[in-house]
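Participant: My questions all concern the structure below.
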Amino acid sequence: MEALLAQYGFGGLGGRSQQDDEEEEQPWVEEEEEAEEGEAAGLSFGADTAEVLRRIRSATLWFVSQLCEGRLSDIQLVNQAPQADDSGSGTQPRPLRATAAPQRCLSLLGRHPESAEQVARLWVLLSLVHDQLMRGEQATQRELWYKLKTCEVFRSPRDVGEAVQDAISLLQVPRSALGITASSKGLVAGRLVIHDRRTGTETDCIVSGSGGVAIPGDIARITGDYAFQTDAQLILVIEKDAVFQRLLQQRFFDTAPCILVTGKGVPDLASRRVAFLSCLSSAFPNLPLVGLVDWNPAGCNILCIYRFGSQRMGLESPHYALPALRWLGARSGQLREADADAFQELTARDRSQATNLAASLATAAPEWAAELQAMLASGSKAEIEALDTVGSAADLPDLLLRCLEQGDCI
């Protein structure tokens with residue numbers, strides 16, 4: 001059995017015998033060589049369906065063999081992004097918060113029933129993913145929730161999200177390799193032509209109509225099939241769909257040659273609508289990448305998710321982070337002459353979020369931290385639309401253009 005397991009790459013993920021509850025086996029070590037302490041765990045973004053199926057079957061074989069030998073398994077999962085270089089060079093994105101140990105153990109022996117339920121959710125999800133891959137099907141995470149919610153251990157969509165992250169960590173492949181897509185929510189417009197190599201079609205985003213071009217939820221399609229062409233001079237990431245639609249209708253991309261992208265709020269994995277922006281940034285590394293968000297803690301947090309990644313994305317996060325992103329607006333200096341009624345008072349939750357973010361950003365992005373401190377000092381916040389009240393001839397596109405021409409970004 002051990003030789004068979006080794007052949008499939010699962011020499012053991014750790015476990016304890018029911019007969020000796022106190023003696024714990026060593027954590028699983030890969031067959032080729034043990035990773036050195038602190039070495040970043042990387043995902044296999046090139047893994048095809050056959051390889052993913054092999055890993056699922058290998059993991060299942062190992063798990064069942066442990067049960068047959070009377071062991072209740074402790075499954076070690078690497079589920080956090082590696083720590084960034086702390087040398088101060090600024091060449092790599094930094095985590096927003098100091099993280100705990102880079103491994104999390106799912107145990108059937110935990111003192112709380114949740115431990116066993118997490119393990120159960122992982123294997124139920126892997127069974128569903130395996131069946132879908134065998135049929136050549138894909139599903140969004142929400143669709144997985146509707147399929148799994150009749151199962152007793154899945155009580156909320158969050159349980160599905162955590163199980164997906166656990167599967168990613170166990171198998172060391174991205175969610176796209178598991179056939180898990182994102183709902184299409186983001187939009188793109190402006191000076192960009194998208195070539196779809198799979199279908200042979202091309203989409204000119206400058207003549208996309210009044211609403212913009214929807215960013216597909218299939219990350220594998222974005223990363224594998226799309227090629228881009230542009231004469232833009234920058235990429236503008238916009239928090240709110242209403243502002244995106246306004247700049248689109250006013251053809252802001254004619255005045256300031258740019259690509260407009262919105263995730264309609266908190267960015268998801270598809271637009272970052274993560275993968276799309278990451279591909280754009282990689283295709284055009286010399287194009288400045290700037291963000292336009294509300295001047296409030298939630299807006300800053302959205303910028304942080306774009307720039308540094310999200311803890312919820314686990315090991316996928318550093319692959320899609322946008323470390324070159326800069327904050328165009330709205331900012332305190334731009335709002336000095338805004339109407340008083342354009343501001344709202346910070347709530348207790350706002351203050352808590354701003355305080356935590358400012359502390360996290362003190363080293364990674366000190367100018368962003370200073371904006372949060374300015375919010376806290378003023379006790380107020382404002383939306384992007386507050387910029388319309390600045391000056392006698394207030395106009396958001398003109399103000400943005402002026403800031404861009406002056407390089408007024410942080």
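Labels for the structure tokens follow display order: chains A, B, ..., residues from 1 in each chain, ligands from 1.
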Near region 230-233 of chain A, within 6 Å and counting only C-alpha atoms, which residues show up once chain neighbours fewer than 6 positions away are dropped, as a list of chain:residue names?
Facilitator: A:Arg191, A:Leu192, A:Pro257, A:Cys258, A:Leu287
Participant: What are the DSSP helix (DSSP H, G or I) residues of region 241-367 of chain A, as a count of residues only?
Facilitator: 70
Participant: Got a sec: who's within 9 Å of Ile194 (chain A), counting only C-alpha atoms, leaving out chain neighbours fewer than 2 positions off, as a ChimeraX atom specification?
Facilitator: /A:192,196,201-205,226-230
Participant: Any chance you can output those residues with N, CA, C and O atoms as a short mmCIF file (atom, residue, chain, number, x, y, z; two decimals), in the first residue's frame?
Facilitator:
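Saved file again32.cif follows:
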```cif
data_model
loop_
_atom_site.label_atom_id
_atom_site.label_comp_id
_atom_site.auth_asym_id
_atom_site.auth_seq_id
_atom_site.Cartn_x
_atom_site.Cartn_y
_atom_site.Cartn_z
N LEU A 192 -9.33 49.26 -25.88
CA LEU A 192 -8.85 47.89 -25.78
C LEU A 192 -9.57 47.02 -26.79
O LEU A 192 -10.79 47.10 -26.94
N ASP A 196 -10.09 36.73 -28.97
CA ASP A 196 -10.38 35.41 -28.39
C ASP A 196 -9.81 34.35 -29.32
O ASP A 196 -10.36 34.08 -30.39
N THR A 201 -12.78 35.33 -32.57
CA THR A 201 -13.51 36.61 -32.60
C THR A 201 -12.68 37.70 -31.93
O THR A 201 -11.73 37.43 -31.18
N GLU A 202 -13.07 38.95 -32.21
CA GLU A 202 -12.42 40.07 -31.55
C GLU A 202 -13.48 41.08 -31.11
O GLU A 202 -14.51 41.26 -31.77
N THR A 203 -13.23 41.69 -29.96
CA THR A 203 -14.16 42.66 -29.39
C THR A 203 -13.45 43.98 -29.19
O THR A 203 -12.43 44.04 -28.50
N ASP A 204 -13.99 45.02 -29.83
CA ASP A 204 -13.44 46.36 -29.67
C ASP A 204 -14.21 47.06 -28.55
O ASP A 204 -15.38 47.41 -28.71
N CYS A 205 -13.57 47.25 -27.42
CA CYS A 205 -14.25 47.80 -26.24
C CYS A 205 -14.58 49.28 -26.39
O CYS A 205 -15.35 49.81 -25.59
N TYR A 226 -7.29 34.70 -24.22
CA TYR A 226 -7.38 36.11 -24.59
C TYR A 226 -6.02 36.70 -24.95
O TYR A 226 -5.01 36.43 -24.29
N ALA A 227 -6.01 37.51 -26.02
CA ALA A 227 -4.86 38.34 -26.37
C ALA A 227 -5.39 39.78 -26.48
O ALA A 227 -6.53 40.00 -26.86
N PHE A 228 -4.54 40.75 -26.14
CA PHE A 228 -5.00 42.13 -26.05
C PHE A 228 -4.20 43.05 -26.97
O PHE A 228 -3.02 42.82 -27.24
N GLN A 229 -4.89 44.10 -27.41
CA GLN A 229 -4.25 45.15 -28.22
C GLN A 229 -4.78 46.49 -27.72
O GLN A 229 -5.98 46.64 -27.49
N THR A 230 -3.89 47.47 -27.56
CA THR A 230 -4.34 48.75 -27.04
C THR A 230 -3.40 49.88 -27.45
O THR A 230 -2.22 49.64 -27.73
#
```
Participant: Please measure the separation of CA of Gly333 (chain A) and CA of Arg307 (chain A), giving the value in Å to one decimal.
Facilitator: 21.7 Å
Participant: In terms of the shortest atom-to-atom distance over only C-alpha atoms, which of A:Gln406, A:Thr140, A:Thr150, A:Thr60 is closest to Ser127 (chain A)?
Facilitator: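 Under the stated criterion, the closest residue is A:Thr60.
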Participant: Mind checking which residues fall within 9 Å of Pro397 (chain A), counting only C-alpha atoms, ignoring those fewer than 6 positions away in the same chain, and posting them as a VMD selection string?
Facilitator: chain A and resid 247 250 252 255
Participant: How would the residues just picked look written out with C-alpha atoms as a short mmCIF file (atom, residue, chain, number, x, y, z; two decimals), in the first residue's frame?
Facilitator:
```
data_model
loop_
_atom_site.label_atom_id
_atom_site.label_comp_id
_atom_site.auth_asym_id
_atom_site.auth_seq_id
_atom_site.Cartn_x
_atom_site.Cartn_y
_atom_site.Cartn_z
CA LEU A 247 -17.18 58.06 -17.67
CA GLN A 250 -18.79 60.90 -21.52
CA PHE A 252 -13.45 59.80 -20.96
CA THR A 255 -9.79 62.70 -23.52
#
```
